[in-house]
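Source file: model_38.pdb; contents: PDB, C-alpha atoms.
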```
MODEL        1
ATOM      1  CA  MET A 131      -8.765  29.882 -18.715
ATOM      2  CA  SER A 132      -8.950  26.904 -16.443
ATOM      3  CA  ARG A 133     -12.215  25.181 -15.805
ATOM      4  CA  LYS A 134     -13.374  23.936 -12.423
ATOM      5  CA  ILE A 135     -16.325  21.590 -12.271
ATOM      6  CA  LEU A 136     -17.997  20.404  -9.095
ATOM      7  CA  THR A 137     -19.956  17.223  -9.569
ATOM      8  CA  LEU A 138     -21.901  15.966  -6.577
ATOM      9  CA  VAL A 139     -23.684  12.648  -6.871
ATOM     10  CA  MET A 140     -25.783  11.608  -3.888
ATOM     11  CA  ALA A 141     -26.937   7.997  -3.945
ATOM     12  CA  LEU A 142     -29.092   6.608  -1.164
ATOM     13  CA  ALA A 143     -29.827   2.887  -0.993
ATOM     14  CA  PHE A 144     -32.358   1.483   1.459
ATOM     15  CA  VAL A 145     -34.530  -1.541   2.140
ATOM     16  CA  VAL A 146     -38.294  -1.360   2.343
ATOM     17  CA  GLY A 147     -39.159  -3.809   5.097
ATOM     18  CA  LEU A 148     -42.870  -4.285   4.398
ATOM     19  CA  SER A 149     -42.619  -5.360   0.805
ATOM     20  CA  GLY A 150     -39.197  -6.929   1.017
ATOM     21  CA  MET A 151     -38.087  -4.852  -1.958
ATOM     22  CA  ALA A 152     -34.475  -3.674  -1.911
ATOM     23  CA  MET A 153     -33.562  -0.436  -3.638
ATOM     24  CA  ALA A 154     -29.824  -0.443  -4.161
ATOM     25  CA  GLY A 155     -27.170  -0.404  -6.825
ATOM     26  CA  ASN A 156     -26.857   3.270  -7.702
ATOM     27  CA  ILE A 157     -24.161   4.277 -10.206
ATOM     28  CA  GLY A 158     -22.302   7.589 -10.301
ATOM     29  CA  ASP A 159     -20.120   8.397 -13.317
ATOM     30  CA  VAL A 160     -18.011  11.521 -13.834
ATOM     31  CA  ASP A 161     -15.876  12.157 -16.931
ATOM     32  CA  GLN A 162     -13.765  15.311 -17.041
ATOM     33  CA  SER A 163     -11.099  16.587 -19.428
ATOM     34  CA  GLY A 164      -8.883  19.608 -19.070
ATOM     35  CA  PRO A 165      -7.047  21.181 -16.132
ATOM     36  CA  SER A 166      -8.261  22.096 -12.619
ATOM     37  CA  ASN A 167     -11.335  19.895 -12.500
ATOM     38  CA  TYR A 168     -12.990  18.865  -9.234
ATOM     39  CA  ALA A 169     -15.225  15.837  -8.822
ATOM     40  CA  VAL A 170     -17.032  14.535  -5.725
ATOM     41  CA  ILE A 171     -19.215  11.442  -5.448
ATOM     42  CA  ASN A 172     -20.983  10.557  -2.180
ATOM     43  CA  GLN A 173     -22.944   7.312  -1.938
ATOM     44  CA  ASP A 174     -24.829   5.822   0.998
ATOM     45  CA  GLY A 175     -26.094   2.246   0.746
ATOM     46  CA  ASP A 176     -25.187  -1.155  -0.632
ATOM     47  CA  ASP A 177     -24.091  -2.329  -4.095
ATOM     48  CA  ASN A 178     -23.237   1.170  -5.292
ATOM     49  CA  GLU A 179     -20.656   2.011  -7.926
ATOM     50  CA  ALA A 180     -18.740   5.268  -8.370
ATOM     51  CA  ASN A 181     -16.433   6.046 -11.301
ATOM     52  CA  ILE A 182     -14.396   9.203 -11.861
ATOM     53  CA  ASN A 183     -12.271   9.654 -14.993
ATOM     54  CA  GLN A 184     -10.117  12.762 -15.322
ATOM     55  CA  GLU A 185      -7.732  13.544 -18.152
ATOM     56  CA  SER A 186      -5.459  16.539 -18.399
ATOM     57  CA  PHE A 187      -2.091  17.137 -19.972
ATOM     58  CA  THR A 188      -1.381  20.070 -17.724
ATOM     59  CA  VAL A 189      -2.011  20.064 -13.960
ATOM     60  CA  GLY A 190      -4.325  19.801 -11.062
ATOM     61  CA  ASN A 191      -7.422  17.583 -11.071
ATOM     62  CA  ASP A 192      -9.055  16.487  -7.799
ATOM     63  CA  ALA A 193     -11.295  13.442  -7.312
ATOM     64  CA  TYR A 194     -13.053  12.349  -4.107
ATOM     65  CA  ILE A 195     -15.301   9.333  -3.535
ATOM     66  CA  THR A 196     -17.066   8.530  -0.264
ATOM     67  CA  GLN A 197     -19.135   5.367   0.089
ATOM     68  CA  VAL A 198     -20.961   4.112   3.182
ATOM     69  CA  GLY A 199     -22.379   0.604   2.823
ATOM     70  CA  ASP A 200     -21.539  -2.916   1.721
ATOM     71  CA  GLU A 201     -20.312  -4.303  -1.602
ATOM     72  CA  ASP A 202     -19.549  -0.870  -3.005
ATOM     73  CA  ILE A 203     -17.066  -0.202  -5.819
ATOM     74  CA  ALA A 204     -15.050   3.000  -6.183
ATOM     75  CA  THR A 205     -12.761   3.687  -9.152
ATOM     76  CA  ILE A 206     -10.697   6.791  -9.913
ATOM     77  CA  THR A 207      -8.629   7.071 -13.085
ATOM     78  CA  GLN A 208      -6.461  10.147 -13.626
ATOM     79  CA  ILE A 209      -4.199  10.974 -16.546
ATOM     80  CA  GLY A 210      -1.815  13.858 -16.073
ATOM     81  CA  ASP A 211       0.284  15.341 -13.309
ATOM     82  CA  GLY A 212      -0.422  17.141 -10.043
ATOM     83  CA  ASN A 213      -3.590  15.134  -9.474
ATOM     84  CA  THR A 214      -5.177  14.187  -6.146
ATOM     85  CA  ALA A 215      -7.355  11.113  -5.655
ATOM     86  CA  SER A 216      -9.045  10.164  -2.386
ATOM     87  CA  GLN A 217     -11.400   7.292  -1.567
ATOM     88  CA  PHE A 218     -13.193   6.517   1.689
ATOM     89  CA  GLN A 219     -15.291   3.409   2.181
ATOM     90  CA  SER A 220     -17.083   2.391   5.359
ATOM     91  CA  GLY A 221     -19.115  -0.794   5.585
ATOM     92  CA  SER A 222     -19.208  -4.343   6.830
ATOM     93  CA  THR A 223     -18.043  -6.391   3.851
ATOM     94  CA  ASP A 224     -16.712  -6.617   0.322
ATOM     95  CA  ASN A 225     -15.916  -3.051  -0.687
ATOM     96  CA  LEU A 226     -13.461  -2.412  -3.532
ATOM     97  CA  ALA A 227     -11.426   0.757  -4.085
ATOM     98  CA  THR A 228      -9.154   1.375  -7.082
ATOM     99  CA  ILE A 229      -6.983   4.365  -7.993
ATOM    100  CA  VAL A 230      -4.942   4.461 -11.217
ATOM    101  CA  GLN A 231      -2.791   7.508 -11.951
ATOM    102  CA  THR A 232      -0.827   7.814 -15.185
ATOM    103  CA  SER A 233       1.511  10.606 -16.217
ATOM    104  CA  SER A 234       4.098  11.273 -18.905
ATOM    105  CA  VAL A 235       5.520  14.285 -17.055
ATOM    106  CA  ASP A 236       8.484  14.200 -14.675
ATOM    107  CA  PRO A 237       7.864  15.035 -11.876
ATOM    108  CA  SER A 238       4.215  13.997 -11.898
ATOM    109  CA  LEU A 239       3.456  14.835  -8.237
ATOM    110  CA  ASN A 240       0.306  12.715  -7.995
ATOM    111  CA  VAL A 241      -1.242  11.893  -4.615
ATOM    112  CA  ALA A 242      -3.459   8.871  -3.923
ATOM    113  CA  THR A 243      -5.172   8.059  -0.605
ATOM    114  CA  GLN A 244      -7.500   5.187   0.290
ATOM    115  CA  THR A 245      -9.253   4.512   3.591
ATOM    116  CA  GLN A 246     -11.465   1.486   4.232
ATOM    117  CA  ASP A 247     -13.308   0.602   7.430
ATOM    118  CA  GLY A 248     -14.995  -2.795   7.427
ATOM    119  CA  GLY A 249     -14.396  -6.412   6.514
ATOM    120  CA  ALA A 250     -13.178  -8.241   3.398
ATOM    121  CA  ASN A 251     -12.242  -4.978   1.692
ATOM    122  CA  VAL A 252      -9.775  -4.593  -1.191
ATOM    123  CA  ALA A 253      -7.781  -1.430  -1.926
ATOM    124  CA  TYR A 254      -5.594  -0.959  -4.982
ATOM    125  CA  ILE A 255      -3.365   1.954  -6.030
ATOM    126  CA  GLU A 256      -1.243   2.026  -9.179
ATOM    127  CA  GLN A 257       0.904   4.949 -10.251
ATOM    128  CA  ILE A 258       2.658   4.374 -13.554
ATOM    129  CA  ASN A 259       4.752   5.918 -16.332
ATOM    130  CA  ALA A 260       6.682   9.002 -15.226
ATOM    131  CA  SER A 261       5.466   8.481 -11.677
ATOM    132  CA  THR A 262       8.116  10.464  -9.839
ATOM    133  CA  LYS A 263       7.594  12.230  -6.516
ATOM    134  CA  ASN A 264       4.230  10.543  -6.030
ATOM    135  CA  THR A 265       2.639   9.673  -2.696
ATOM    136  CA  ALA A 266       0.390   6.664  -2.102
ATOM    137  CA  THR A 267      -1.312   5.848   1.204
ATOM    138  CA  GLN A 268      -3.703   3.050   2.171
ATOM    139  CA  ASN A 269      -5.434   2.481   5.509
ATOM    140  CA  GLN A 270      -7.666  -0.489   6.237
ATOM    141  CA  THR A 271      -9.517  -1.473   9.398
ATOM    142  CA  GLY A 272     -11.522  -4.691   9.543
ATOM    143  CA  ILE A 273     -11.432  -8.334   8.513
ATOM    144  CA  GLY A 274      -9.917  -9.894   5.411
ATOM    145  CA  ASN A 275      -8.523  -6.693   3.916
ATOM    146  CA  ASP A 276      -6.241  -6.618   0.873
ATOM    147  CA  ALA A 277      -4.079  -3.651  -0.141
ATOM    148  CA  LYS A 278      -1.771  -3.141  -3.109
ATOM    149  CA  ILE A 279       0.430  -0.215  -4.147
ATOM    150  CA  THR A 280       2.442  -0.234  -7.382
ATOM    151  CA  GLN A 281       4.591   2.740  -8.413
ATOM    152  CA  ASP A 282       6.451   2.580 -11.693
ATOM    153  CA  GLU A 283       8.017   3.500 -14.065
ATOM    154  CA  TYR A 284      11.325   4.269 -12.439
ATOM    155  CA  ALA A 285       9.354   5.818  -9.632
ATOM    156  CA  THR A 286      11.989   8.217  -8.402
ATOM    157  CA  GLY A 287      11.240   9.843  -5.062
ATOM    158  CA  SER A 288       8.032   7.873  -4.503
ATOM    159  CA  LEU A 289       6.617   7.270  -1.025
ATOM    160  CA  SER A 290       4.219   4.468  -0.123
ATOM    161  CA  SER A 291       2.524   3.565   3.138
ATOM    162  CA  GLN A 292       0.040   0.840   4.076
ATOM    163  CA  THR A 293      -1.704   0.319   7.416
ATOM    164  CA  GLN A 294      -3.930  -2.669   8.143
ATOM    165  CA  VAL A 295      -5.688  -3.484  11.415
ATOM    166  CA  GLY A 296      -7.778  -6.655  11.500
ATOM    167  CA  GLU A 297      -7.641 -10.276  10.380
ATOM    168  CA  ASP A 298      -6.399 -12.020   7.246
ATOM    169  CA  ASN A 299      -4.811  -8.874   5.800
ATOM    170  CA  ILE A 300      -2.451  -8.835   2.814
ATOM    171  CA  ALA A 301      -0.361  -5.792   1.862
ATOM    172  CA  ARG A 302       1.941  -5.448  -1.127
ATOM    173  CA  ILE A 303       4.179  -2.580  -2.267
ATOM    174  CA  TRP A 304       6.275  -2.602  -5.442
ATOM    175  CA  GLN A 305       8.359   0.447  -6.335
ATOM    176  CA  SER A 306      10.820   0.682  -9.195
ATOM    177  CA  GLY A 307      13.207   3.604  -9.283
ATOM    178  CA  ASN A 308      15.252   5.862  -7.070
ATOM    179  CA  LEU A 309      14.827   7.255  -3.549
ATOM    180  CA  ALA A 310      11.712   5.196  -2.801
ATOM    181  CA  ILE A 311      10.444   4.670   0.764
ATOM    182  CA  ALA A 312       7.912   1.985   1.658
ATOM    183  CA  SER A 313       6.308   1.360   5.051
ATOM    184  CA  GLN A 314       3.796  -1.283   6.123
ATOM    185  CA  TYR A 315       2.056  -1.754   9.470
ATOM    186  CA  GLN A 316      -0.201  -4.705  10.229
ATOM    187  CA  ASP A 317      -2.103  -5.503  13.421
ATOM    188  CA  GLY A 318      -4.204  -8.682  13.544
ATOM    189  CA  ASN A 319      -4.258 -12.317  12.464
ATOM    190  CA  GLY A 320      -2.819 -13.991   9.390
ATOM    191  CA  ASN A 321      -1.157 -10.868   7.997
ATOM    192  CA  ASN A 322       1.159 -10.959   4.984
ATOM    193  CA  ALA A 323       3.344  -8.027   3.895
ATOM    194  CA  TYR A 324       5.721  -7.649   0.946
ATOM    195  CA  ILE A 325       7.965  -4.761  -0.090
ATOM    196  CA  GLY A 326       9.931  -4.919  -3.339
ATOM    197  CA  GLN A 327      12.089  -1.982  -4.393
ATOM    198  CA  ASP A 328      14.491  -1.626  -7.302
ATOM    199  CA  GLY A 329      16.811   1.331  -7.525
ATOM    200  CA  VAL A 330      18.948   3.780  -5.573
ATOM    201  CA  GLY A 331      18.346   4.854  -1.985
ATOM    202  CA  ASN A 332      15.555   2.435  -1.152
ATOM    203  CA  GLN A 333      14.321   1.865   2.383
ATOM    204  CA  GLY A 334      11.984  -0.723   3.835
ATOM    205  CA  TRP A 335      10.293  -1.062   7.293
ATOM    206  CA  GLN A 336       7.614  -3.510   8.237
ATOM    207  CA  THR A 337       5.877  -3.924  11.609
ATOM    208  CA  GLN A 338       3.499  -6.771  12.411
ATOM    209  CA  TYR A 339       1.523  -7.619  15.552
ATOM    210  CA  GLY A 340      -0.467 -10.838  15.832
ATOM    211  CA  LYS A 341       0.021 -14.410  14.686
ATOM    212  CA  ASP A 342       0.854 -16.191  11.445
ATOM    213  CA  ASN A 343       2.499 -13.040  10.065
ATOM    214  CA  ILE A 344       4.970 -13.083   7.169
ATOM    215  CA  ALA A 345       7.086 -10.066   6.210
ATOM    216  CA  PHE A 346       9.293 -10.093   3.116
ATOM    217  CA  ILE A 347      11.529  -7.314   1.792
ATOM    218  CA  ASP A 348      13.405  -7.557  -1.512
ATOM    219  CA  GLN A 349      15.675  -4.650  -2.453
ATOM    220  CA  TRP A 350      18.198  -4.589  -5.296
ATOM    221  CA  THR A 351      21.453  -2.611  -5.293
ATOM    222  CA  SER A 352      22.340   0.855  -4.043
ATOM    223  CA  VAL A 353      21.907   2.360  -0.596
ATOM    224  CA  ASN A 354      19.227   0.008   0.697
ATOM    225  CA  TYR A 355      17.907  -0.186   4.245
ATOM    226  CA  ALA A 356      15.400  -2.751   5.478
ATOM    227  CA  GLY A 357      13.900  -3.284   8.935
ATOM    228  CA  GLN A 358      11.340  -5.769  10.195
ATOM    229  CA  TYR A 359       9.709  -6.080  13.617
ATOM    230  CA  GLN A 360       7.347  -8.924  14.479
ATOM    231  CA  VAL A 361       5.450  -9.816  17.655
ATOM    232  CA  GLY A 362       3.221 -12.910  17.740
ATOM    233  CA  GLU A 363       3.081 -16.542  16.668
ATOM    234  CA  GLY A 364       4.567 -18.267  13.661
ATOM    235  CA  ASN A 365       6.215 -15.154  12.215
ATOM    236  CA  ASP A 366       8.512 -15.389   9.194
ATOM    237  CA  ALA A 367      10.785 -12.532   8.129
ATOM    238  CA  LYS A 368      13.066 -12.390   5.100
ATOM    239  CA  ILE A 369      15.348  -9.617   3.877
ATOM    240  CA  LEU A 370      17.149 -10.104   0.565
ATOM    241  CA  GLN A 371      19.336  -7.279  -0.704
ATOM    242  CA  SER A 372      21.454  -7.984  -3.785
ATOM    243  CA  GLY A 373      24.300  -6.232  -5.508
ATOM    244  CA  ASP A 374      26.871  -3.763  -4.285
ATOM    245  CA  ASP A 375      26.476  -0.606  -2.230
ATOM    246  CA  ASN A 376      25.568   0.124   1.359
ATOM    247  CA  ASN A 377      22.938  -2.391   2.510
ATOM    248  CA  ILE A 378      21.726  -2.609   6.125
ATOM    249  CA  ALA A 379      19.249  -5.193   7.440
ATOM    250  CA  ASN A 380      17.557  -5.411  10.855
ATOM    251  CA  GLN A 381      15.151  -8.123  11.972
ATOM    252  CA  THR A 382      13.567  -8.497  15.421
ATOM    253  CA  GLN A 383      11.147 -11.301  16.239
ATOM    254  CA  ILE A 384       9.369 -11.761  19.565
ATOM    255  CA  GLY A 385       7.008 -14.725  19.895
ATOM    256  CA  ASN A 386       6.682 -18.332  18.789
ATOM    257  CA  ASN A 387       8.107 -20.334  15.893
ATOM    258  CA  ASN A 388       9.918 -17.377  14.334
ATOM    259  CA  TYR A 389      12.289 -17.668  11.368
ATOM    260  CA  ALA A 390      14.557 -14.930  10.004
ATOM    261  CA  LEU A 391      16.707 -14.923   6.870
ATOM    262  CA  ALA A 392      18.924 -12.057   5.696
ATOM    263  CA  THR A 393      21.003 -12.428   2.528
ATOM    264  CA  GLN A 394      23.085  -9.460   1.435
ATOM    265  CA  ASN A 395      25.458  -9.484  -1.516
ATOM    266  CA  GLY A 396      27.803  -6.582  -2.008
ATOM    267  CA  LEU A 397      29.648  -3.851  -0.203
ATOM    268  CA  SER A 398      29.471  -2.429   3.348
ATOM    269  CA  ASN A 399      26.648  -4.736   4.499
ATOM    270  CA  PHE A 400      25.408  -4.854   8.088
ATOM    271  CA  SER A 401      22.931  -7.359   9.497
ATOM    272  CA  SER A 402      21.420  -7.766  12.963
ATOM    273  CA  GLN A 403      18.874 -10.420  13.878
ATOM    274  CA  THR A 404      17.345 -10.651  17.357
ATOM    275  CA  GLN A 405      14.940 -13.447  18.278
ATOM    276  CA  THR A 406      13.219 -13.858  21.630
ATOM    277  CA  GLY A 407      10.867 -16.781  22.298
ATOM    278  CA  PHE A 408      10.530 -20.333  21.025
ATOM    279  CA  ASP A 409      11.904 -22.464  18.189
ATOM    280  CA  HIS A 410      13.934 -19.701  16.525
ATOM    281  CA  SER A 411      16.071 -20.156  13.439
ATOM    282  CA  SER A 412      18.376 -17.551  11.899
ATOM    283  CA  THR A 413      20.389 -17.608   8.668
ATOM    284  CA  VAL A 414      22.640 -14.737   7.586
ATOM    285  CA  THR A 415      24.703 -14.784   4.371
ATOM    286  CA  GLN A 416      26.783 -11.766   3.433
ATOM    287  CA  THR A 417      29.243 -11.671   0.542
ATOM    288  CA  GLY A 418      31.473  -8.676  -0.057
ATOM    289  CA  VAL A 419      33.532  -6.096   1.796
ATOM    290  CA  GLY A 420      32.956  -4.784   5.314
ATOM    291  CA  ASN A 421      30.179  -7.122   6.448
ATOM    292  CA  VAL A 422      29.144  -7.177  10.115
ATOM    293  CA  SER A 423      26.559  -9.540  11.600
ATOM    294  CA  TYR A 424      24.962  -9.946  15.042
ATOM    295  CA  VAL A 425      22.568 -12.756  15.912
ATOM    296  CA  THR A 426      20.971 -13.022  19.382
ATOM    297  CA  GLN A 427      18.611 -15.833  20.301
ATOM    298  CA  ASN A 428      16.863 -16.208  23.675
ATOM    299  CA  ASN A 429      14.453 -18.810  24.971
TER
ENDMDL
END
```

Could you express the structure from this file as structure tokens?
Amino acid sequence: MSRKILTLVMALAFVVGLSGMAMAGNIGDVDQSGPSNYAVINQDGDDNEANINQESFTVGNDAYITQVGDEDIATITQIGDGNTASQFQSGSTDNLATIVQTSSVDPSLNVATQTQDGGANVAYIEQINASTKNTATQNQTGIGNDAKITQDEYATGSLSSQTQVGEDNIARIWQSGNLAIASQYQDGNGNNAYIGQDGVGNQGWQTQYGKDNIAFIDQWTSVNYAGQYQVGEGNDAKILQSGDDNNIANQTQIGNNNYALATQNGLSNFSSQTQTGFDHSSTVTQTGVGNVSYVTQNN
């Protein structure tokens, strides 16, 4: 018989103005083993820490952490398959969210979601081992956000998405395996996005608004597709797809000081680069059979 446990931890941090004493730094810990467990931690205040550890060799644990405040830390670790992990953090500065999902079952069907609203936040998702058919999503709104998604091993059928709105954002996605899709959207200043995918049937997509943006896509072999769209100042876009098979690359840059590079090695490659604005530079290298390239530059 499956066991379902509801754990609710309410942590309230506040400042007593008369004495100057600060009451903060609550810690919520949940450890669960077995199938069909359910854990919820809600924390309101600064310097709080929430940890949920769930281990099951069958299916179906759920973990949810909600934190409202500054300098909060949320960590969810799940071992098994069919797990769901969700983290929401809202505050001004320096929140950290981490989700690690590990499974030895194929397909593992784990789902990880992180949402951060504030400044200088860091979000991290890692799905490893037999991490097939997993879904990872990260959304950040604020200043100085950092997001990372890693799906391995041989993360067949994995889907990743990252959205950042603000300043000084960095987003990274690494997927190893088949049929992976990665998408990144950035709106703000000084954004940096990277997608690396190894395997069959990979796709890319990156969209950046703002200035000083860099988008980089690296895909190896098989039926790869990569697209990049940039609007702003000082944008840099690179697409590198190596090996044989059916690679397609699209790059569009609108703004100032843009640079685009597409290198495709292999079979049936197609590349299109469109640049509108100032000081553009475009380099396309394709080696193989059936290559087609368009470059359009306007000033």

Name the residues in contact with A:Asn376 at a cut-off of 12 Å, using all atoms listed in the file, excluding same-chain residues fewer than 5 positions from it; report them as JSON, numbers by chain.
-> {"A": [330, 331, 332, 333, 349, 350, 351, 352, 353, 354, 355, 356, 371, 394, 395, 396, 397, 398, 399, 400, 401, 418, 419, 420, 421, 422]}

Output the residue selection produced by the PyMOL selection byres ((chain A and resi 305) around 12) on the file above, formatted as a PyMOL selection string.
-> chain A and resi 255-259+261-266+278-291+302-304+306-313+324-334+347-350

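Within the file as shown, the PyMOL selection byres ((chain A and resi 272) around 7) identifies Asp247, Gly248, Gly249, Gln270, Thr271, Ile273, Gly274, Asn275, Val295, Gly296 and Glu297 of chain A.
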
Would you translate the PyMOL selection byres ((chain A and resi 246) around 12) into the concrete set of residues it matches in this file, as a count of residues only?
-> 49

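Of the residues listed (A:Asn386, A:Ser233, A:Asn319, A:Asn380), A:Asn386 shows the shortest atom-to-atom separation from A:Asp366; distances use only C-alpha atoms.
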
Once 8 Å is added on each side, what centre and edge lengths in Å to one decimal does the axis-aligned box around all listed atoms of stretch 410-426 of chain A have, as lines of an AutoDock Vina configuration file?
```
center_x = 23.7
center_y = -12.5
center_z = 9.7
size_x = 35.6
size_y = 31.4
size_z = 35.4
```

One-decimal distance in Å that lies between atom CA of A:Phe187 and atom CA of A:Ile209 =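 These atoms are spaced 7.4 Å apart.
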
Determine the nearest neighbour of A:Gly190 from the options A:Asn240, A:Asn178, A:Thr404, A:Thr207, counting only C-alpha atoms.
-> A:Asn240

Gap from atom CA of A:Ala242 to atom CA of A:Ile369 - Å, one decimal |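 Rounded to one decimal, the two atoms are 27.5 Å apart.
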
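Coordinates place atom CA of A:Asn365 at a distance of 7.4 Å from atom CA of A:Gln383.
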
I'd like the contact shell of A:Val414 - 10 Å cut-off, only C-alpha atoms, skipping same-chain residues fewer than 2 positions apart - returned as an mmCIF file with C-alpha atoms, in the frame of the given file.
```cif
data_model
loop_
_atom_site.group_PDB
_atom_site.id
_atom_site.type_symbol
_atom_site.label_atom_id
_atom_site.label_comp_id
_atom_site.auth_asym_id
_atom_site.auth_seq_id
_atom_site.Cartn_x
_atom_site.Cartn_y
_atom_site.Cartn_z
ATOM 1 C CA ILE A 369 15.348 -9.617 3.877
ATOM 2 C CA ALA A 390 14.557 -14.930 10.004
ATOM 3 C CA LEU A 391 16.707 -14.923 6.870
ATOM 4 C CA ALA A 392 18.924 -12.057 5.696
ATOM 5 C CA THR A 393 21.003 -12.428 2.528
ATOM 6 C CA GLN A 394 23.085 -9.460 1.435
ATOM 7 C CA SER A 401 22.931 -7.359 9.497
ATOM 8 C CA SER A 402 21.420 -7.766 12.963
ATOM 9 C CA GLN A 403 18.874 -10.420 13.878
ATOM 10 C CA SER A 412 18.376 -17.551 11.899
ATOM 11 C CA GLN A 416 26.783 -11.766 3.433
ATOM 12 C CA SER A 423 26.559 -9.540 11.600
ATOM 13 C CA TYR A 424 24.962 -9.946 15.042
ATOM 14 C CA VAL A 425 22.568 -12.756 15.912
#
```
